[in-house]
file work.pdb (PDB, C-alpha atoms)
ATOM      1  CA  MET E   1      13.378  12.128   6.633
ATOM      2  CA  THR E   2      10.013  13.218   7.991
ATOM      3  CA  ARG E   3       7.680  11.047  10.046
ATOM      4  CA  VAL E   4       4.181  11.339   8.599
ATOM      5  CA  VAL E   5       0.918   9.955   9.964
ATOM      6  CA  VAL E   6      -1.923   9.307   7.518
ATOM      7  CA  THR E   7      -5.383   8.627   8.932
ATOM      8  CA  VAL E   8      -7.961   6.989   6.655
ATOM      9  CA  MET E   9     -11.547   6.799   7.931
ATOM     10  CA  PRO E  10     -14.802   5.622   6.332
ATOM     11  CA  ARG E  11     -16.676   8.632   4.963
ATOM     12  CA  GLU E  12     -19.603  10.052   6.897
ATOM     13  CA  GLY E  13     -22.714   8.130   5.877
ATOM     14  CA  VAL E  14     -20.802   5.198   4.429
ATOM     15  CA  LEU E  15     -21.462   1.781   5.941
ATOM     16  CA  ASP E  16     -18.617   0.590   8.203
ATOM     17  CA  PRO E  17     -19.081  -3.198   8.485
ATOM     18  CA  GLN E  18     -15.911  -3.681  10.545
ATOM     19  CA  GLY E  19     -17.073  -1.050  13.023
ATOM     20  CA  GLN E  20     -20.535  -2.610  13.196
ATOM     21  CA  ALA E  21     -19.066  -6.046  13.913
ATOM     22  CA  VAL E  22     -16.929  -4.655  16.730
ATOM     23  CA  GLN E  23     -19.902  -2.767  18.184
ATOM     24  CA  ILE E  24     -21.920  -6.027  18.264
ATOM     25  CA  SER E  25     -19.028  -7.803  20.017
ATOM     26  CA  LEU E  26     -18.742  -4.970  22.560
ATOM     27  CA  ASP E  27     -22.471  -5.281  23.213
ATOM     28  CA  ARG E  28     -21.965  -8.966  24.106
ATOM     29  CA  LEU E  29     -19.140  -7.960  26.466
ATOM     30  CA  GLY E  30     -21.458  -5.590  28.354
ATOM     31  CA  PHE E  31     -20.600  -2.386  26.494
ATOM     32  CA  GLY E  32     -23.959  -2.007  24.760
ATOM     33  CA  HIS E  33     -24.044   1.690  25.633
ATOM     34  CA  VAL E  34     -21.145   2.452  23.262
ATOM     35  CA  ASP E  35     -22.261   4.369  20.163
ATOM     36  CA  ASN E  36     -21.046   5.725  16.827
ATOM     37  CA  LEU E  37     -18.090   3.357  16.596
ATOM     38  CA  ARG E  38     -16.054   3.770  13.393
ATOM     39  CA  ILE E  39     -12.871   1.978  12.422
ATOM     40  CA  GLY E  40     -10.249   3.322  10.080
ATOM     41  CA  LYS E  41      -6.536   2.986   9.410
ATOM     42  CA  ARG E  42      -3.534   4.757  10.863
ATOM     43  CA  ILE E  43      -0.501   4.632   8.580
ATOM     44  CA  GLU E  44       2.869   5.833   9.898
ATOM     45  CA  LEU E  45       5.768   6.253   7.481
ATOM     46  CA  ASP E  46       9.076   8.068   6.942
ATOM     47  CA  ILE E  47       9.198  10.240   3.824
ATOM     48  CA  PRO E  48      12.511  11.784   2.732
ATOM     49  CA  GLY E  49      12.915  14.836   0.510
ATOM     50  CA  ASP E  50      10.844  17.919  -0.088
ATOM     51  CA  ASP E  51       7.154  18.395   0.624
ATOM     52  CA  PRO E  52       6.439  15.186   2.577
ATOM     53  CA  GLU E  53       2.810  16.290   2.986
ATOM     54  CA  GLY E  54       2.353  16.647  -0.765
ATOM     55  CA  GLN E  55       4.003  13.280  -1.358
ATOM     56  CA  ALA E  56       1.705  11.693   1.241
ATOM     57  CA  ARG E  57      -1.319  13.232  -0.487
ATOM     58  CA  THR E  58      -0.250  11.700  -3.802
ATOM     59  CA  MET E  59       0.149   8.312  -2.079
ATOM     60  CA  CYS E  60      -3.326   8.611  -0.553
ATOM     61  CA  GLU E  61      -4.923   9.488  -3.878
ATOM     62  CA  ALA E  62      -3.093   6.679  -5.691
ATOM     63  CA  LEU E  63      -3.196   3.862  -3.151
ATOM     64  CA  LEU E  64      -3.783   4.454   0.549
ATOM     65  CA  ALA E  65      -7.393   5.666   0.477
ATOM     66  CA  ASN E  66     -10.430   4.902  -1.646
ATOM     67  CA  PRO E  67     -11.964   8.338  -2.306
ATOM     68  CA  LEU E  68     -15.413   6.857  -2.953
ATOM     69  CA  ILE E  69     -15.765   5.576   0.597
ATOM     70  CA  GLU E  70     -12.894   7.010   2.648
ATOM     71  CA  ASP E  71     -11.550  10.369   3.804
ATOM     72  CA  PHE E  72      -7.914  10.888   4.688
ATOM     73  CA  THR E  73      -5.972  13.362   6.813
ATOM     74  CA  ILE E  74      -2.216  13.894   6.877
ATOM     75  CA  ALA E  75      -0.190  14.970   9.917
ATOM     76  CA  VAL E  76       3.506  15.815   9.650
ATOM     77  CA  ASP E  77       5.688  15.345  12.749
ATOM     78  CA  GLY E  78       8.129  18.113  13.582
TER      79      GLY E  78
ATOM     80  CA  MET M   1     -21.109  10.957  26.178
ATOM     81  CA  THR M   2     -17.384  11.243  25.528
ATOM     82  CA  ARG M   3     -15.725  10.859  22.135
ATOM     83  CA  VAL M   4     -12.761   8.521  22.531
ATOM     84  CA  VAL M   5     -10.090   7.623  19.982
ATOM     85  CA  VAL M   6      -8.273   4.310  20.383
ATOM     86  CA  THR M   7      -5.140   3.720  18.310
ATOM     87  CA  VAL M   8      -3.923   0.143  17.888
ATOM     88  CA  MET M   9      -0.510  -0.370  16.261
ATOM     89  CA  PRO M  10       1.654  -3.450  15.661
ATOM     90  CA  ARG M  11       4.234  -3.733  18.438
ATOM     91  CA  GLU M  12       7.809  -2.661  17.795
ATOM     92  CA  GLY M  13       9.660  -5.625  16.291
ATOM     93  CA  VAL M  14       6.500  -7.470  15.278
ATOM     94  CA  LEU M  15       6.070  -8.257  11.591
ATOM     95  CA  ASP M  16       3.513  -5.992   9.874
ATOM     96  CA  PRO M  17       2.523  -7.846   6.679
ATOM     97  CA  GLN M  18      -0.115  -5.263   5.696
ATOM     98  CA  GLY M  19       2.455  -2.478   6.011
ATOM     99  CA  GLN M  20       5.004  -4.454   4.011
ATOM    100  CA  ALA M  21       2.490  -5.063   1.216
ATOM    101  CA  VAL M  22       1.663  -1.357   1.025
ATOM    102  CA  GLN M  23       5.348  -0.427   1.013
ATOM    103  CA  ILE M  24       5.925  -2.776  -1.950
ATOM    104  CA  SER M  25       2.996  -1.191  -3.803
ATOM    105  CA  LEU M  26       4.338   2.305  -3.066
ATOM    106  CA  ASP M  27       7.706   1.198  -4.452
ATOM    107  CA  ARG M  28       6.008   0.256  -7.736
ATOM    108  CA  LEU M  29       4.330   3.679  -7.818
ATOM    109  CA  GLY M  30       7.702   5.434  -7.561
ATOM    110  CA  PHE M  31       7.807   5.920  -3.798
ATOM    111  CA  GLY M  32      10.630   3.447  -3.134
ATOM    112  CA  HIS M  33      12.319   5.955  -0.807
ATOM    113  CA  VAL M  34       9.524   5.627   1.782
ATOM    114  CA  ASP M  35      10.648   3.744   4.889
ATOM    115  CA  ASN M  36       9.406   2.303   8.192
ATOM    116  CA  LEU M  37       5.790   2.096   7.090
ATOM    117  CA  ARG M  38       3.477   0.605   9.733
ATOM    118  CA  ILE M  39      -0.281   0.194   9.565
ATOM    119  CA  GLY M  40      -2.599   0.072  12.537
ATOM    120  CA  LYS M  41      -6.194   0.818  13.423
ATOM    121  CA  ARG M  42      -7.920   4.000  14.512
ATOM    122  CA  ILE M  43     -11.151   3.344  16.403
ATOM    123  CA  GLU M  44     -13.469   6.270  17.216
ATOM    124  CA  LEU M  45     -16.385   5.736  19.586
ATOM    125  CA  ASP M  46     -18.756   7.499  21.973
ATOM    126  CA  ILE M  47     -18.651   6.216  25.560
ATOM    127  CA  PRO M  48     -21.256   7.427  28.071
ATOM    128  CA  GLY M  49     -20.868   7.369  31.831
ATOM    129  CA  ASP M  50     -17.933   7.648  34.182
ATOM    130  CA  ASP M  51     -14.286   7.029  33.374
ATOM    131  CA  PRO M  52     -14.493   6.661  29.575
ATOM    132  CA  GLU M  53     -10.719   6.127  29.467
ATOM    133  CA  GLY M  54     -10.919   3.207  31.894
ATOM    134  CA  GLN M  55     -13.835   1.710  29.960
ATOM    135  CA  ALA M  56     -11.864   2.045  26.717
ATOM    136  CA  ARG M  57      -8.876   0.306  28.351
ATOM    137  CA  THR M  58     -11.114  -2.618  29.352
ATOM    138  CA  MET M  59     -12.446  -2.828  25.768
ATOM    139  CA  CYS M  60      -8.891  -2.833  24.394
ATOM    140  CA  GLU M  61      -7.789  -5.585  26.747
ATOM    141  CA  ALA M  62     -10.889  -7.691  26.030
ATOM    142  CA  LEU M  63     -11.385  -7.174  22.304
ATOM    143  CA  LEU M  64      -9.876  -4.239  20.426
ATOM    144  CA  ALA M  65      -6.179  -5.081  20.687
ATOM    145  CA  ASN M  66      -4.166  -8.289  20.754
ATOM    146  CA  PRO M  67      -1.588  -7.666  23.503
ATOM    147  CA  LEU M  68       0.803 -10.257  22.060
ATOM    148  CA  ILE M  69       1.354  -8.292  18.874
ATOM    149  CA  GLU M  70      -0.267  -4.866  19.323
ATOM    150  CA  ASP M  71       0.059  -1.774  21.510
ATOM    151  CA  PHE M  72      -2.829   0.580  22.106
ATOM    152  CA  THR M  73      -3.190   4.215  23.127
ATOM    153  CA  ILE M  74      -6.350   5.992  24.247
ATOM    154  CA  ALA M  75      -7.149   9.672  23.677
ATOM    155  CA  VAL M  76     -10.206  11.320  25.229
ATOM    156  CA  ASP M  77     -11.709  14.341  23.438
ATOM    157  CA  GLY M  78     -12.683  17.313  25.545
TER     158      GLY M  78
END

call {"tool": "encode", "arguments": {"input": "work.pdb", "output": "structure tokens"}}
result
Amino acid sequence: MTRVVVTVMPREGVLDPQGQAVQISLDRLGFGHVDNLRIGKRIELDIPGDDPEGQARTMCEALLANPLIEDFTIAVDG
Amino acid sequence: MTRVVVTVMPREGVLDPQGQAVQISLDRLGFGHVDNLRIGKRIELDIPGDDPEGQARTMCEALLANPLIEDFTIAVDG
């Protein structure tokens, strides 16, 4: 069983409405100097068997990420 | 300007409905052996000025994380 961390972020140049909303809220809280805020997903999961990284890539391509608007990275623990 | 990465994850023992939904979908795609899937947020932002880590902590406590159900970690680049 391998612990795998998948990170899914909005692609460079793609609108990030969630990030924009948070940046507006931070502005109201006095953090108007914050810049380039982007929000993505962090997915942690246990994958048994061979090639957990390859399995995670298949999951990303099939379900976890939308390749039109998101990039993903895969990190394997230990 | 310091690039800061905030990770917000559901607390241990707290229900993660988004993670459960994804795990069910993975099961249907043939990845029923995947376990302990949890989904959280990855927030990347530029923070100018002194003590970017302390500023990020204040943002987490005020807005970015819900302390009842989420834990956060802060990583400062460079």

call {"tool": "closest_residue", "arguments": {"input": "work.pdb", "among": "M:Cys60, M:Ala75, M:Met9, M:Ile24", "to": "Glu44 in chain E", "atoms": "only C-alpha atoms"}}
result
M:Met9

call {"tool": "resolve_selection", "arguments": {"input": "work.pdb", "expression": "the PyMOL selection byres ((chain M) within 7 of (chain E))", "output": "MDAnalysis selection string"}}
result
chainID M and resid 33:48

call {"tool": "axis_aligned_box", "arguments": {"input": "work.pdb", "around": "range 12-17 of chain M", "padding_each_side": "6 Å", "output": "AutoDock Vina command-line options"}}
result
--center_x 6.1 --center_y -5.5 --center_z 12.2 --size_x 19.1 --size_y 17.6 --size_z 23.1

call {"tool": "atom_distance", "arguments": {"input": "work.pdb", "atom1": "CA of Arg11 in chain E", "atom2": "CA of Pro52 in chain M"}}
result
24.8 Å

call {"tool": "residues_around", "arguments": {"input": "work.pdb", "residues": "Glu12 in chain E", "least_positions_apart": "6", "cutoff": "10 Å", "atoms": "only C-alpha atoms", "output": "NGL selection string"}}
result
:E and (38 or 69-71)

call {"tool": "atom_distance", "arguments": {"input": "work.pdb", "atom1": "CA of Ile74 in chain M", "atom2": "CA of Gly13 in chain E"}}
result
24.7 Å

call {"tool": "atom_distance", "arguments": {"input": "work.pdb", "atom1": "CA of Leu68 in chain E", "atom2": "CA of Pro10 in chain E"}}
result
9.4 Å

call {"tool": "closest_residue", "arguments": {"input": "work.pdb", "among": "M:Arg28, M:Phe72, M:Asp77, M:Gln20", "to": "Arg57 in chain M", "atoms": "all atoms listed in the file"}}
result
M:Phe72

call {"tool": "build_atoms", "arguments": {"input": "work.pdb", "residues": "range 43-54 of chain E", "atoms": "all heavy atoms", "output": "mmCIF file, in the frame of the given file"}}
result
data_model
loop_
_atom_site.group_PDB
_atom_site.id
_atom_site.type_symbol
_atom_site.label_atom_id
_atom_site.label_comp_id
_atom_site.auth_asym_id
_atom_site.auth_seq_id
_atom_site.Cartn_x
_atom_site.Cartn_y
_atom_site.Cartn_z
ATOM 1 N N ILE E 43 -1.694 5.033 9.321
ATOM 2 C CA ILE E 43 -0.501 4.632 8.580
ATOM 3 C C ILE E 43 0.627 5.578 8.961
ATOM 4 O O ILE E 43 0.514 6.782 8.765
ATOM 5 C CB ILE E 43 -0.766 4.689 7.057
ATOM 6 C CG1 ILE E 43 -1.975 3.819 6.700
ATOM 7 C CG2 ILE E 43 0.475 4.252 6.273
ATOM 8 C CD1 ILE E 43 -2.567 4.114 5.339
ATOM 9 N N GLU E 44 1.699 5.039 9.531
ATOM 10 C CA GLU E 44 2.869 5.833 9.898
ATOM 11 C C GLU E 44 3.981 5.500 8.916
ATOM 12 O O GLU E 44 4.212 4.323 8.627
ATOM 13 C CB GLU E 44 3.332 5.487 11.316
ATOM 14 C CG GLU E 44 2.268 5.700 12.385
ATOM 15 C CD GLU E 44 2.727 5.277 13.773
ATOM 16 O OE1 GLU E 44 3.834 4.691 13.881
ATOM 17 O OE2 GLU E 44 1.981 5.509 14.738
ATOM 18 N N LEU E 45 4.677 6.512 8.429
ATOM 19 C CA LEU E 45 5.768 6.253 7.481
ATOM 20 C C LEU E 45 6.779 7.382 7.482
ATOM 21 O O LEU E 45 6.460 8.512 7.870
ATOM 22 C CB LEU E 45 5.223 6.010 6.069
ATOM 23 C CG LEU E 45 4.584 7.163 5.295
ATOM 24 C CD1 LEU E 45 4.360 6.731 3.843
ATOM 25 C CD2 LEU E 45 3.252 7.582 5.884
ATOM 26 N N ASP E 46 8.016 7.079 7.095
ATOM 27 C CA ASP E 46 9.076 8.068 6.942
ATOM 28 C C ASP E 46 9.168 8.451 5.476
ATOM 29 O O ASP E 46 9.308 7.574 4.611
ATOM 30 C CB ASP E 46 10.427 7.487 7.389
ATOM 31 C CG ASP E 46 10.505 7.282 8.890
ATOM 32 O OD1 ASP E 46 9.801 8.004 9.623
ATOM 33 O OD2 ASP E 46 11.260 6.400 9.321
ATOM 34 N N ILE E 47 9.104 9.751 5.199
ATOM 35 C CA ILE E 47 9.198 10.240 3.824
ATOM 36 C C ILE E 47 10.387 11.197 3.727
ATOM 37 O O ILE E 47 10.389 12.242 4.377
ATOM 38 C CB ILE E 47 7.899 10.967 3.394
ATOM 39 C CG1 ILE E 47 6.684 10.055 3.574
ATOM 40 C CG2 ILE E 47 8.012 11.445 1.951
ATOM 41 C CD1 ILE E 47 5.354 10.720 3.211
ATOM 42 N N PRO E 48 11.397 10.870 2.917
ATOM 43 C CA PRO E 48 12.511 11.784 2.732
ATOM 44 C C PRO E 48 12.187 12.827 1.659
ATOM 45 O O PRO E 48 11.203 12.691 0.927
ATOM 46 C CB PRO E 48 13.636 10.853 2.262
ATOM 47 C CG PRO E 48 12.942 9.748 1.558
ATOM 48 C CD PRO E 48 11.562 9.621 2.158
ATOM 49 N N GLY E 49 13.025 13.859 1.597
ATOM 50 C CA GLY E 49 12.915 14.836 0.510
ATOM 51 C C GLY E 49 11.942 15.946 0.811
ATOM 52 O O GLY E 49 11.456 16.097 1.930
ATOM 53 N N ASP E 50 11.672 16.721 -0.229
ATOM 54 C CA ASP E 50 10.844 17.919 -0.088
ATOM 55 C C ASP E 50 9.354 17.571 -0.024
ATOM 56 O O ASP E 50 8.928 16.563 -0.571
ATOM 57 C CB ASP E 50 11.065 18.848 -1.285
ATOM 58 C CG ASP E 50 12.462 19.458 -1.265
ATOM 59 O OD1 ASP E 50 13.057 19.488 -0.171
ATOM 60 O OD2 ASP E 50 12.940 19.878 -2.334
ATOM 61 N N ASP E 51 8.618 18.444 0.612
ATOM 62 C CA ASP E 51 7.154 18.395 0.624
ATOM 63 C C ASP E 51 6.597 17.015 0.999
ATOM 64 O O ASP E 51 5.853 16.401 0.223
ATOM 65 C CB ASP E 51 6.610 18.813 -0.749
ATOM 66 C CG ASP E 51 5.107 19.085 -0.696
ATOM 67 O OD1 ASP E 51 4.563 19.216 0.415
ATOM 68 O OD2 ASP E 51 4.494 19.132 -1.771
ATOM 69 N N PRO E 52 6.960 16.516 2.175
ATOM 70 C CA PRO E 52 6.439 15.186 2.577
ATOM 71 C C PRO E 52 4.914 15.151 2.603
ATOM 72 O O PRO E 52 4.314 14.117 2.279
ATOM 73 C CB PRO E 52 7.046 14.980 3.974
ATOM 74 C CG PRO E 52 7.504 16.320 4.428
ATOM 75 C CD PRO E 52 7.830 17.101 3.199
ATOM 76 N N GLU E 53 4.285 16.278 2.949
ATOM 77 C CA GLU E 53 2.810 16.290 2.986
ATOM 78 C C GLU E 53 2.233 16.111 1.580
ATOM 79 O O GLU E 53 1.278 15.348 1.390
ATOM 80 C CB GLU E 53 2.316 17.602 3.622
ATOM 81 C CG GLU E 53 0.820 17.608 3.832
ATOM 82 C CD GLU E 53 0.356 18.782 4.681
ATOM 83 O OE1 GLU E 53 1.212 19.454 5.311
ATOM 84 O OE2 GLU E 53 -0.857 19.037 4.709
ATOM 85 N N GLY E 54 2.810 16.791 0.615
ATOM 86 C CA GLY E 54 2.353 16.647 -0.765
ATOM 87 C C GLY E 54 2.570 15.236 -1.285
ATOM 88 O O GLY E 54 1.714 14.665 -1.981
#
